[in-house]
$ cat my_file-v1.cif   # mmCIF, C-alpha atoms
data_my_file
#
loop_
_atom_site.label_atom_id
_atom_site.label_comp_id
_atom_site.auth_asym_id
_atom_site.auth_seq_id
_atom_site.Cartn_x
_atom_site.Cartn_y
_atom_site.Cartn_z
CA MET L 1 -23.46 53.18 -4.12
CA PRO L 2 -24.71 55.44 -1.28
CA ASP L 3 -22.47 56.04 1.74
CA GLU L 4 -24.80 54.11 4.05
CA THR L 5 -23.98 50.84 5.80
CA PRO L 6 -26.28 48.08 4.49
CA ASP L 7 -28.65 46.35 6.89
CA TRP L 8 -26.84 43.03 6.53
CA MET L 9 -23.48 44.52 7.57
CA PRO L 10 -22.31 43.44 11.10
CA ALA L 11 -21.78 45.96 13.86
CA PRO L 12 -18.44 47.77 13.90
CA ARG L 13 -16.69 45.52 16.42
CA PRO L 14 -17.48 42.09 14.87
CA ARG L 15 -16.99 43.63 11.42
CA ALA L 16 -13.48 44.77 12.39
CA ALA L 17 -12.65 41.24 13.55
CA MET L 18 -13.95 39.77 10.30
CA ALA L 19 -12.05 42.36 8.25
CA LYS L 20 -8.86 41.47 10.10
CA ARG L 21 -9.26 37.78 9.23
CA LEU L 22 -10.15 38.72 5.68
CA ARG L 23 -7.06 40.92 5.36
CA ALA L 24 -4.85 38.10 6.60
CA ALA L 25 -6.19 35.89 3.81
CA SER L 26 -6.02 38.54 1.09
CA SER L 27 -2.55 37.60 -0.19
CA ALA L 28 -3.59 33.98 -0.56
CA MET L 29 -6.74 35.10 -2.36
CA THR L 30 -4.73 37.19 -4.83
CA THR L 31 -2.30 34.34 -5.49
CA ALA L 32 -5.13 31.85 -5.97
CA ALA L 33 -6.98 34.20 -8.32
CA LEU L 34 -3.90 34.75 -10.50
CA ALA L 35 -3.23 31.02 -10.61
CA GLU L 36 -6.81 30.33 -11.71
CA ILE L 37 -6.62 33.07 -14.35
CA THR L 38 -3.42 31.53 -15.71
CA ARG L 39 -5.03 28.09 -15.80
CA ARG L 40 -8.27 29.17 -17.46
CA TYR L 41 -7.10 31.69 -20.03
CA PRO L 42 -4.13 30.96 -22.33
CA TRP L 43 -4.17 34.56 -23.57
CA PHE L 44 -2.99 35.71 -20.14
CA SER L 45 0.30 33.82 -20.54
CA ASP L 46 0.68 35.33 -24.02
CA LEU L 47 0.71 38.86 -22.59
CA ASP L 48 4.06 40.58 -22.29
CA ALA L 49 5.59 41.00 -18.83
CA ASP L 50 4.38 44.59 -18.41
CA ASN L 51 0.76 43.76 -19.16
CA ARG L 52 0.83 40.65 -16.94
CA ALA L 53 2.17 42.85 -14.16
CA SER L 54 -0.66 45.33 -14.82
CA VAL L 55 -3.24 42.57 -14.55
CA THR L 56 -1.63 41.45 -11.29
CA LEU L 57 -1.94 45.01 -9.96
CA VAL L 58 -5.62 45.10 -10.90
CA VAL L 59 -6.34 41.76 -9.20
CA ARG L 60 -4.45 42.77 -6.06
CA ALA L 61 -6.20 46.16 -6.02
CA GLY L 62 -9.52 44.38 -6.36
CA VAL L 63 -8.91 42.06 -3.43
CA ASP L 64 -7.41 44.78 -1.23
CA GLY L 65 -10.20 47.14 -2.22
CA PHE L 66 -12.76 44.56 -1.15
CA VAL L 67 -11.13 44.25 2.26
CA ASP L 68 -11.01 48.04 2.75
CA TRP L 69 -14.58 48.44 1.51
CA PHE L 70 -15.85 45.78 3.90
CA ALA L 71 -13.88 47.22 6.83
CA SER L 72 -15.42 50.65 6.19
CA GLY L 73 -18.93 49.22 6.36
CA ALA L 74 -19.45 48.92 2.61
CA THR L 75 -19.14 52.68 2.02
CA GLY L 76 -16.94 54.93 -0.09
CA LEU L 77 -16.55 52.59 -3.06
CA GLU L 78 -17.53 55.33 -5.51
CA GLN L 79 -14.34 57.18 -4.60
CA ARG L 80 -12.19 54.22 -5.72
CA ASN L 81 -11.57 52.49 -9.02
CA ILE L 82 -9.39 49.39 -9.00
CA PHE L 83 -8.46 49.96 -12.65
CA ALA L 84 -6.74 53.23 -11.76
CA ALA L 85 -3.71 51.17 -10.68
CA ALA L 86 -3.21 49.86 -14.23
CA PRO L 87 -1.77 51.87 -17.13
CA ARG L 88 -4.27 53.24 -19.62
CA SER L 89 -2.73 51.13 -22.39
CA LEU L 90 -4.08 47.99 -20.72
CA THR L 91 -7.58 48.76 -22.00
CA THR L 92 -6.25 48.67 -25.55
CA ARG L 93 -4.49 45.34 -24.94
CA LEU L 94 -7.37 43.59 -23.18
CA ALA L 95 -10.79 43.26 -24.77
CA LEU L 96 -13.82 44.00 -22.63
CA GLN L 97 -14.72 40.30 -22.62
CA GLN L 98 -11.27 39.44 -21.28
CA THR L 99 -11.68 41.99 -18.51
CA VAL L 100 -15.06 40.50 -17.63
CA ASP L 101 -13.39 37.07 -17.47
CA LEU L 102 -10.76 38.45 -15.07
CA ILE L 103 -13.41 39.92 -12.78
CA ARG L 104 -15.54 36.78 -12.84
CA THR L 105 -12.59 34.49 -12.08
CA THR L 106 -11.31 36.72 -9.28
CA VAL L 107 -14.76 36.90 -7.66
CA GLU L 108 -15.26 33.15 -7.91
CA THR L 109 -11.82 32.51 -6.41
CA VAL L 110 -12.42 34.93 -3.52
CA GLU L 111 -15.77 33.25 -2.81
CA GLN L 112 -14.07 29.85 -2.78
CA GLN L 113 -11.36 31.11 -0.42
CA ILE L 114 -13.98 32.56 1.91
CA ASN L 115 -15.77 29.22 2.04
CA THR L 116 -12.60 27.27 2.72
CA ALA L 117 -10.13 29.51 4.58
CA LEU L 118 -12.37 31.58 6.86
CA PRO L 119 -14.59 30.59 9.80
CA ARG L 120 -18.14 29.44 9.06
CA SER L 121 -19.51 32.37 11.02
CA ASP L 122 -17.94 34.77 8.50
CA ARG L 123 -18.96 33.06 5.29
CA GLN L 124 -22.57 34.17 4.79
CA VAL L 125 -21.88 37.84 5.38
CA LEU L 126 -18.68 37.87 3.34
CA THR L 127 -20.27 36.00 0.42
CA LEU L 128 -23.05 38.58 0.31
CA ALA L 129 -20.44 41.33 0.51
CA VAL L 130 -18.49 39.84 -2.43
CA LEU L 131 -21.62 39.78 -4.58
CA GLN L 132 -22.37 43.44 -3.91
CA TYR L 133 -18.75 44.49 -4.32
CA SER L 134 -18.35 42.60 -7.61
CA ARG L 135 -21.39 44.38 -9.03
CA GLU L 136 -19.76 47.73 -8.38
CA ILE L 137 -16.46 46.54 -9.85
CA ALA L 138 -18.30 45.53 -13.00
CA PHE L 139 -19.65 49.09 -13.23
CA ASP L 140 -16.09 50.37 -12.80
CA ALA L 141 -14.92 48.22 -15.71
CA ALA L 142 -17.77 49.43 -17.88
CA GLU L 143 -16.89 53.04 -17.06
CA VAL L 144 -13.22 52.54 -17.95
CA TYR L 145 -14.01 50.93 -21.28
CA ALA L 146 -16.69 53.49 -22.06
CA ARG L 147 -14.16 56.30 -21.55
CA ALA L 148 -11.63 54.43 -23.68
CA ALA L 149 -14.24 53.95 -26.39
CA GLU L 150 -15.11 57.66 -26.34
CA THR L 151 -11.44 58.58 -26.63
CA ARG L 152 -10.89 56.06 -29.41
CA GLY L 153 -14.06 57.21 -31.15
CA ALA L 154 -12.93 60.84 -31.08
CA TRP L 155 -9.50 59.87 -32.41
CA ASP L 156 -11.03 57.66 -35.11
CA ALA L 157 -13.32 60.50 -36.18
CA ARG L 158 -10.34 62.83 -36.57
CA LEU L 159 -8.36 60.19 -38.46
CA GLU L 160 -11.34 59.44 -40.69
CA ALA L 161 -11.74 63.14 -41.47
CA LEU L 162 -8.04 63.34 -42.41
CA VAL L 163 -8.35 60.32 -44.72
CA MET L 164 -11.43 61.73 -46.42
CA ASP L 165 -9.82 65.14 -46.81
CA ALA L 166 -6.79 63.50 -48.47
CA VAL L 167 -9.09 61.58 -50.81
CA VAL L 168 -11.00 64.69 -51.86
CA ARG L 169 -7.84 66.75 -52.37
CA GLY L 170 -6.07 63.98 -54.29
CA ASP L 171 -3.35 63.49 -51.67
CA ALA L 172 -4.14 59.83 -50.94
CA ASP L 173 -0.87 57.89 -50.92
CA GLU L 174 0.25 54.67 -49.25
CA SER L 175 0.29 56.34 -45.83
CA VAL L 176 -3.36 57.29 -46.27
CA VAL L 177 -4.15 53.71 -47.30
CA SER L 178 -2.46 52.53 -44.09
CA ARG L 179 -4.50 54.97 -41.98
CA ALA L 180 -7.69 53.87 -43.68
CA SER L 181 -6.91 50.24 -42.86
CA THR L 182 -6.78 51.09 -39.15
CA LEU L 183 -10.36 52.33 -39.52
CA GLY L 184 -11.54 49.01 -40.95
CA TRP L 185 -11.05 49.73 -44.65
CA HIS L 186 -10.27 46.45 -46.43
CA SER L 187 -9.18 47.73 -49.89
CA PRO L 188 -12.22 46.28 -51.69
CA ALA L 189 -12.42 45.51 -55.41
CA GLY L 190 -14.32 48.68 -56.22
CA LEU L 191 -14.90 51.99 -54.51
CA CYS L 192 -16.63 55.27 -55.18
CA VAL L 193 -17.19 58.60 -53.49
CA VAL L 194 -20.75 59.60 -52.62
CA ILE L 195 -21.69 63.17 -51.69
CA GLY L 196 -24.94 64.35 -50.17
CA ASP L 197 -26.23 66.44 -47.31
CA LEU L 198 -25.61 65.71 -43.65
CA PRO L 199 -28.54 64.01 -41.92
CA ALA L 200 -30.22 66.36 -39.48
CA GLY L 201 -30.90 63.87 -36.70
CA ASP L 202 -27.90 61.54 -36.90
CA PRO L 203 -24.63 63.47 -36.48
CA SER L 204 -22.75 60.28 -35.62
CA LEU L 205 -23.87 58.72 -38.94
CA ARG L 206 -24.82 55.59 -37.01
CA ASP L 207 -27.68 54.70 -39.36
CA LEU L 208 -25.49 55.07 -42.44
CA ARG L 209 -22.67 52.96 -41.00
CA TYR L 210 -25.08 50.30 -39.81
CA ALA L 211 -26.81 50.04 -43.18
CA ALA L 212 -23.48 49.85 -45.02
CA GLY L 213 -22.14 47.19 -42.66
CA LYS L 214 -25.33 45.16 -43.03
CA ALA L 215 -24.88 45.26 -46.81
CA GLY L 216 -21.28 44.07 -46.50
CA LEU L 217 -19.81 47.37 -47.68
CA ASP L 218 -16.71 49.18 -46.46
CA ILE L 219 -17.42 52.76 -45.52
CA LEU L 220 -15.52 55.86 -44.45
CA ALA L 221 -17.46 59.09 -43.97
CA SER L 222 -16.95 62.61 -42.70
CA ALA L 223 -18.69 65.96 -42.71
CA GLN L 224 -17.21 68.70 -44.84
CA GLY L 225 -19.25 71.79 -44.11
CA PRO L 226 -22.93 71.03 -44.75
CA ARG L 227 -21.98 68.12 -47.02
CA LEU L 228 -21.54 64.46 -46.14
CA VAL L 229 -18.68 62.82 -48.05
CA VAL L 230 -18.72 59.02 -48.09
CA LEU L 231 -16.15 56.59 -49.42
CA LEU L 232 -17.97 53.36 -50.24
CA GLY L 233 -16.21 50.12 -51.09
CA GLY L 234 -17.46 46.69 -52.05
CA ASP L 235 -17.57 43.92 -54.59
CA PHE L 236 -18.72 46.08 -57.49
CA ASP L 237 -16.94 47.29 -60.61
CA HIS L 238 -19.60 49.28 -62.42
CA GLU L 239 -21.42 52.52 -61.79
CA ASP L 240 -24.87 50.89 -61.97
CA GLU L 241 -23.95 48.42 -59.23
CA ALA L 242 -22.66 51.22 -57.03
CA LEU L 243 -25.91 53.14 -57.58
CA GLU L 244 -27.93 50.11 -56.45
CA HIS L 245 -25.95 49.95 -53.21
CA VAL L 246 -26.27 53.69 -52.58
CA ALA L 247 -30.02 53.48 -53.21
CA ASP L 248 -30.24 51.25 -50.12
CA LEU L 249 -28.34 53.86 -48.08
CA VAL L 250 -29.92 57.04 -49.40
CA ASP L 251 -32.36 57.42 -46.48
CA ALA L 252 -29.37 57.83 -44.14
CA PHE L 253 -28.37 61.04 -45.96
CA GLY L 254 -29.97 64.42 -45.42
CA GLU L 255 -32.40 65.98 -47.83
CA GLY L 256 -31.09 67.00 -51.21
CA PRO L 257 -29.31 65.31 -54.11
CA VAL L 258 -27.05 62.33 -53.47
CA VAL L 259 -24.39 62.05 -56.18
CA VAL L 260 -22.29 58.94 -56.82
CA GLY L 261 -18.88 59.31 -58.43
CA PRO L 262 -17.45 56.80 -60.91
CA VAL L 263 -16.12 53.48 -59.63
CA VAL L 264 -12.33 53.17 -59.28
CA THR L 265 -10.20 50.31 -58.04
CA ASP L 266 -7.75 51.94 -55.68
CA LEU L 267 -7.88 54.44 -52.85
CA VAL L 268 -5.13 56.46 -54.49
CA GLU L 269 -7.39 56.88 -57.55
CA ALA L 270 -10.41 57.85 -55.45
CA VAL L 271 -9.80 61.53 -56.21
CA VAL L 272 -11.25 60.88 -59.69
CA SER L 273 -14.51 59.72 -58.13
CA ALA L 274 -14.43 62.50 -55.53
CA ARG L 275 -13.87 65.20 -58.14
CA ALA L 276 -16.78 64.01 -60.28
CA ALA L 277 -19.10 63.58 -57.29
CA THR L 278 -18.24 67.05 -55.97
CA SER L 279 -18.88 68.63 -59.34
CA GLY L 280 -22.12 66.68 -59.71
CA ARG L 281 -23.37 67.70 -56.28
CA ARG L 282 -22.68 71.34 -57.08
CA ALA L 283 -24.53 71.16 -60.41
CA ALA L 284 -27.36 68.79 -59.40
CA ALA L 285 -29.78 71.61 -58.63
CA ALA L 286 -29.96 72.40 -62.35
CA TRP L 287 -31.77 69.12 -63.04
CA VAL L 288 -35.00 69.54 -61.13
CA ASP L 289 -36.28 66.00 -61.75
CA ALA L 290 -32.97 64.23 -61.17
CA PRO L 291 -33.33 60.82 -59.49
CA ARG L 292 -31.95 60.24 -56.01
CA PRO L 293 -29.29 58.91 -55.95
CA ILE L 294 -27.81 59.91 -59.26
CA SER L 295 -24.47 59.21 -60.87
CA ALA L 296 -22.06 62.02 -61.58
CA ARG L 297 -21.93 60.85 -65.19
CA ALA L 298 -25.68 61.38 -65.58
CA LEU L 299 -25.06 65.03 -64.67
CA LEU L 300 -22.45 65.65 -67.36
CA PRO L 301 -24.42 68.47 -69.09
CA GLU L 302 -25.05 70.35 -65.84
CA ARG L 303 -21.46 69.87 -64.75
CA ALA L 304 -20.15 71.13 -68.10
CA LEU L 305 -22.36 74.22 -67.97
CA ALA L 306 -21.19 74.86 -64.39
CA GLY L 307 -17.60 75.04 -65.60
CA ASP L 308 -16.31 71.50 -65.05
CA GLY L 309 -13.58 71.01 -67.65
CA HIS L 310 -13.47 67.26 -67.07
CA ALA L 311 -17.20 67.01 -67.87
CA ARG L 312 -16.77 69.09 -71.04
CA ARG L 313 -13.95 66.88 -72.26
CA GLU L 314 -15.89 63.71 -71.44
CA LEU L 315 -18.90 64.95 -73.41
CA ALA L 316 -16.73 65.98 -76.36
CA HIS L 317 -14.40 63.00 -76.50
CA ASP L 318 -16.31 60.08 -74.99
CA ILE L 319 -19.78 60.82 -76.34
CA PHE L 320 -19.36 62.95 -79.47
CA GLY L 321 -15.97 61.41 -80.34
CA PRO L 322 -17.29 57.93 -81.30
CA LEU L 323 -19.93 59.55 -83.52
CA ALA L 324 -17.36 61.78 -85.22
CA ALA L 325 -15.08 58.77 -85.74
CA HIS L 326 -17.84 57.01 -87.66
CA SER L 327 -18.29 57.41 -91.40
CA GLY L 328 -20.29 60.60 -90.88
CA ASP L 329 -23.73 59.26 -91.57
CA LEU L 330 -24.58 59.03 -87.85
CA ILE L 331 -24.00 62.73 -87.16
CA THR L 332 -25.81 63.69 -90.37
CA THR L 333 -28.76 61.50 -89.44
CA LEU L 334 -28.84 62.84 -85.89
CA GLU L 335 -28.87 66.48 -87.01
CA ALA L 336 -31.57 65.76 -89.61
CA TYR L 337 -33.59 63.93 -86.97
CA TRP L 338 -33.57 66.99 -84.74
CA ALA L 339 -34.23 69.36 -87.63
CA CYS L 340 -37.31 67.30 -88.54
CA GLY L 341 -38.75 67.48 -85.05
CA THR L 342 -37.64 63.90 -84.19
CA SER L 343 -39.86 62.45 -86.92
CA ILE L 344 -38.34 59.31 -88.37
CA GLU L 345 -40.38 59.48 -91.60
CA ALA L 346 -39.51 63.15 -92.18
CA THR L 347 -35.85 62.38 -91.52
CA ALA L 348 -35.94 59.54 -94.05
CA ARG L 349 -37.45 61.82 -96.70
CA ARG L 350 -34.90 64.55 -95.95
CA LEU L 351 -31.97 62.15 -96.35
CA PHE L 352 -33.53 60.10 -99.19
CA ILE L 353 -33.18 56.87 -97.22
CA HIS L 354 -35.57 54.27 -95.86
CA ALA L 355 -37.19 54.87 -92.44
CA ASN L 356 -35.69 51.60 -91.16
CA THR L 357 -32.26 52.93 -92.03
CA VAL L 358 -32.98 55.95 -89.84
CA ARG L 359 -34.08 53.64 -87.04
CA TYR L 360 -30.94 51.56 -87.42
CA ARG L 361 -28.68 54.62 -87.29
CA LEU L 362 -30.45 56.02 -84.24
CA GLY L 363 -30.02 52.67 -82.53
CA ARG L 364 -26.37 52.68 -83.49
CA ILE L 365 -25.97 56.11 -81.91
CA GLU L 366 -27.45 54.80 -78.67
CA ASP L 367 -25.12 51.78 -78.78
CA LEU L 368 -22.05 53.99 -79.19
CA THR L 369 -22.94 56.71 -76.66
CA GLY L 370 -25.37 55.15 -74.22
CA TYR L 371 -27.91 57.89 -74.94
CA SER L 372 -31.05 57.57 -77.04
CA PRO L 373 -31.81 60.48 -79.43
CA SER L 374 -35.54 59.87 -78.97
CA ASP L 375 -35.31 60.35 -75.19
CA PRO L 376 -35.54 64.02 -74.07
CA ARG L 377 -32.68 63.67 -71.62
CA GLY L 378 -30.56 61.67 -74.07
CA SER L 379 -31.22 64.21 -76.82
CA TYR L 380 -30.12 67.01 -74.47
CA VAL L 381 -26.86 65.22 -73.66
CA LEU L 382 -26.13 64.46 -77.31
CA ARG L 383 -26.83 68.06 -78.40
CA LEU L 384 -24.45 69.48 -75.81
CA ALA L 385 -21.84 66.83 -76.59
CA GLY L 386 -22.00 67.80 -80.27
CA THR L 387 -21.61 71.48 -79.48
CA LEU L 388 -18.63 70.90 -77.20
CA GLY L 389 -17.13 68.36 -79.56
CA ARG L 390 -16.97 70.95 -82.33
CA LEU L 391 -15.74 73.72 -80.02
CA LEU L 392 -12.97 71.62 -78.46
CA ASP L 393 -11.91 69.97 -81.71
#
$ encode --input "my_file-v1.cif" --output "structure tokens"
Amino acid sequence: MPDETPDWMPAPRPRAAMAKRLRAASSAMTTAALAEITRRYPWFSDLDADNRASVTLVVRAGVDGFVDWFASGATGLEQRNIFAAAPRSLTTRLALQQTVDLIRTTVETVEQQINTALPRSDRQVLTLAVLQYSREIAFDAAEVYARAAETRGAWDARLEALVMDAVVRGDADESVVSRASTLGWHSPAGLCVVIGDLPAGDPSLRDLRYAAGKAGLDILASAQGPRLVVLLGGDFDHEDEALEHVADLVDAFGEGPVVVGPVVTDLVEAVVSARAATSGRRAAAAWVDAPRPISARALLPERALAGDGHARRELAHDIFGPLAAHSGDLITTLEAYWACGTSIEATARRLFIHANTVRYRLGRIEDLTGYSPSDPRGSYVLRLAGTLGRLLD
């Protein structure tokens, strides 16, 4: 508010007389306002003694500040803030809506006192003054809560970064779970780590958090160098379901591959998902036509060739292992199928079996491994799994 006396403000002498009468009634106004606050809002009585005393200080500062402001000719309010009298912890105890209720009730009570306890000649001017003063007090409240939100936001960002760092390094214990819960993490049924690039125009990740919240997903996220590491939680227990959710969020990532780690059930186990997603993001460039998003499991060959021991063992044991555990006809059929240029008829002739038997065995291979020998990508995975399976046997 500019340091200029408004046109409606009385001349100095009558204003001083009005301010004197107003000051004499200020104690009664404060008492009446606190009584009305107690009557209207049960949460006020539930506050501890220190916070009730802080609210009393704020109400008294508001009433006294109004008197001083009016006596000065409605100038100098920008140098004052009635909330400065209260401890900073009050903003964490009172919600913004509760503070608005306090201001509204105090203003209404002061207006009522003006219309009942002061002369009629004072009422019009003082009512107008209350309206203008209350507007500025509302701005003060907004400023206090905005500063508190900025401070809390900065602290939350640091805490979130610490949680994500613990997840990636495999140091997530019960204390990390507790810290995550303060950030709104609800320990959902399934969770996975997603790694992509930071978005260029959204450093606060507002779009990503909004989209995840709209989908009913828990999310923690932090930047680690040029990468964006996201912990995503929700009612999913399979990799395909997680991929569907990430597909709805992928536009909130920066350009480049977005890799989804395997689904786990506990934050302490999230390092498994983080390790796979990190390895997949590092190796994703080797698959030029990789979909976006893509699961870390779909990148097993690239991860294995990039030196990921976990990927090599998964290819050897989880993909080649079931084939090796079979009677032997599946591996023989698969190798003959490749040697015959993926011709079913040629494979049948080579093995002296019927073509339908070849088809059945190829289908059985797909059932056991999840990869089809007739698909170029599936054939690539199966070939590398066979090579590693024999090397690591």
$ closest_residue --input "my_file-v1.cif" --among "L:Pro293, L:Pro119, L:Gly254, L:Gly363" --to "L:Leu205" --atoms "only C-alpha atoms"
L:Gly254
$ residues_around --input "my_file-v1.cif" --residues "stretch 177-189 of chain L" --least-positions-apart "5" --cutoff "10 Å" --atoms "all atoms listed in the file" --output "list of chain:residue names"
L:Asp156, L:Ala157, L:Leu159, L:Glu160, L:Leu162, L:Val163, L:Met164, L:Val167, L:Ala172, L:Leu217, L:Asp218, L:Ile219, L:Leu220, L:Leu231, L:Leu232, L:Gly233, L:Gly234, L:Asp235, L:Phe236, L:Asp237, L:Val263, L:Val264, L:Thr265, L:Asp266, L:Leu267, L:Val268
$ write_last_selection --input "my_file-v1.cif" --atoms "C-alpha atoms" --output "PDB file, keeping the file's coordinate frame"
ATOM      1  CA  ASP L 156     -11.030  57.660 -35.110  1.00  0.00           C
ATOM      2  CA  ALA L 157     -13.320  60.500 -36.180  1.00  0.00           C
ATOM      3  CA  LEU L 159      -8.360  60.190 -38.460  1.00  0.00           C
ATOM      4  CA  GLU L 160     -11.340  59.440 -40.690  1.00  0.00           C
ATOM      5  CA  LEU L 162      -8.040  63.340 -42.410  1.00  0.00           C
ATOM      6  CA  VAL L 163      -8.350  60.320 -44.720  1.00  0.00           C
ATOM      7  CA  MET L 164     -11.430  61.730 -46.420  1.00  0.00           C
ATOM      8  CA  VAL L 167      -9.090  61.580 -50.810  1.00  0.00           C
ATOM      9  CA  ALA L 172      -4.140  59.830 -50.940  1.00  0.00           C
ATOM     10  CA  LEU L 217     -19.810  47.370 -47.680  1.00  0.00           C
ATOM     11  CA  ASP L 218     -16.710  49.180 -46.460  1.00  0.00           C
ATOM     12  CA  ILE L 219     -17.420  52.760 -45.520  1.00  0.00           C
ATOM     13  CA  LEU L 220     -15.520  55.860 -44.450  1.00  0.00           C
ATOM     14  CA  LEU L 231     -16.150  56.590 -49.420  1.00  0.00           C
ATOM     15  CA  LEU L 232     -17.970  53.360 -50.240  1.00  0.00           C
ATOM     16  CA  GLY L 233     -16.210  50.120 -51.090  1.00  0.00           C
ATOM     17  CA  GLY L 234     -17.460  46.690 -52.050  1.00  0.00           C
ATOM     18  CA  ASP L 235     -17.570  43.920 -54.590  1.00  0.00           C
ATOM     19  CA  PHE L 236     -18.720  46.080 -57.490  1.00  0.00           C
ATOM     20  CA  ASP L 237     -16.940  47.290 -60.610  1.00  0.00           C
ATOM     21  CA  VAL L 263     -16.120  53.480 -59.630  1.00  0.00           C
ATOM     22  CA  VAL L 264     -12.330  53.170 -59.280  1.00  0.00           C
ATOM     23  CA  THR L 265     -10.200  50.310 -58.040  1.00  0.00           C
ATOM     24  CA  ASP L 266      -7.750  51.940 -55.680  1.00  0.00           C
ATOM     25  CA  LEU L 267      -7.880  54.440 -52.850  1.00  0.00           C
ATOM     26  CA  VAL L 268      -5.130  56.460 -54.490  1.00  0.00           C
TER      27      VAL L 268
END
$ closest_residue --input "my_file-v1.cif" --among "L:Leu208, L:Leu305, L:Leu102, L:Ala95" --to "L:Val55" --atoms "all atoms listed in the file"
L:Leu102
$ closest_atom_pairs --input "my_file-v1.cif" --of "stretch 119-229 of chain L" --to "stretch 6-19 of chain L" --cutoff "12 Å" --atoms "all atoms listed in the file" --output "Markdown table"
| residue | atom | partner | partner_atom | distance |
| --- | --- | --- | --- | --- |
| L:Pro119 | CA | L:Met18 | CA | 9.2 |
| L:Arg120 | CA | L:Met18 | CA | 11.2 |
| L:Ser121 | CA | L:Met18 | CA | 9.3 |
| L:Asp122 | CA | L:Met18 | CA | 6.6 |
| L:Arg123 | CA | L:Met18 | CA | 9.8 |
| L:Gln124 | CA | L:Trp8 | CA | 10.0 |
| L:Val125 | CA | L:Met9 | CA | 7.2 |
| L:Leu126 | CA | L:Met18 | CA | 8.6 |
| L:Thr127 | CA | L:Trp8 | CA | 11.4 |
| L:Leu128 | CA | L:Trp8 | CA | 8.5 |
| L:Ala129 | CA | L:Met9 | CA | 8.3 |
| L:Gln132 | CA | L:Pro6 | CA | 10.4 |
$ resolve_selection --input "my_file-v1.cif" --expression "the PyMOL selection byres ((chain L and resi 243) around 8)" --output "list in words"
Glu239, Asp240, Glu241, Ala242, Glu244, His245, Val246, Ala247, Val260, Pro293, Ile294 and Ser295 of chain L
$ axis_aligned_box --input "my_file-v1.cif" --around "stretch 328-339 of chain L" --padding-each-side "6 Å" --output "lines of an AutoDock Vina configuration file"
center_x = -27.3
center_y = 64.2
center_z = -88.2
size_x = 25.9
size_y = 22.3
size_z = 18.8
$ atom_distance --input "my_file-v1.cif" --atom1 "atom CA of L:Ala200" --atom2 "atom CA of L:Thr278"
20.4 Å
$ closest_residue --input "my_file-v1.cif" --among "L:Ile365, L:Ala290, L:Leu382, L:Ala355" --to "L:His326" --atoms "all atoms listed in the file"
L:Ile365
$ atom_distance --input "my_file-v1.cif" --atom1 "atom CA of L:Arg21" --atom2 "atom CA of L:Val67"
9.7 Å
$ atom_distance --input "my_file-v1.cif" --atom1 "atom CA of L:Ala24" --atom2 "atom CA of L:Ser134"
20.1 Å
$ resolve_selection --input "my_file-v1.cif" --expression "the PyMOL selection byres ((chain L and resi 259) around 9)" --output "PyMOL selection string"
chain L and resi 193-196+257-258+260-261+276-278+280-281+284+292-296
$ resolve_selection --input "my_file-v1.cif" --expression "the PyMOL selection byres ((chain L and resi 56-65) around 8)" --output "PyMOL selection string"
chain L and resi 23+26+29-30+33-34+52-55+66-69+82-83+85-86+106+110
$ residues_around --input "my_file-v1.cif" --residues "L:Arg303" --least-positions-apart "2" --cutoff "8 Å" --atoms "all atoms listed in the file" --output "list in words"
Ser279, Gly280, Arg282, Ala283, Leu299, Leu300, Pro301, Leu305, Ala306, Gly307, Asp308, Ala311 and Arg312 of chain L
$ closest_residue --input "my_file-v1.cif" --among "L:Val271, L:Ala141, L:Val168, L:Val176" --to "L:Ser222" --atoms "only C-alpha atoms"
L:Val168
$ closest_residue --input "my_file-v1.cif" --among "L:Ser327, L:Ser273, L:Gln113, L:Gln224" --to "L:His310" --atoms "all atoms listed in the file"
L:Ser273
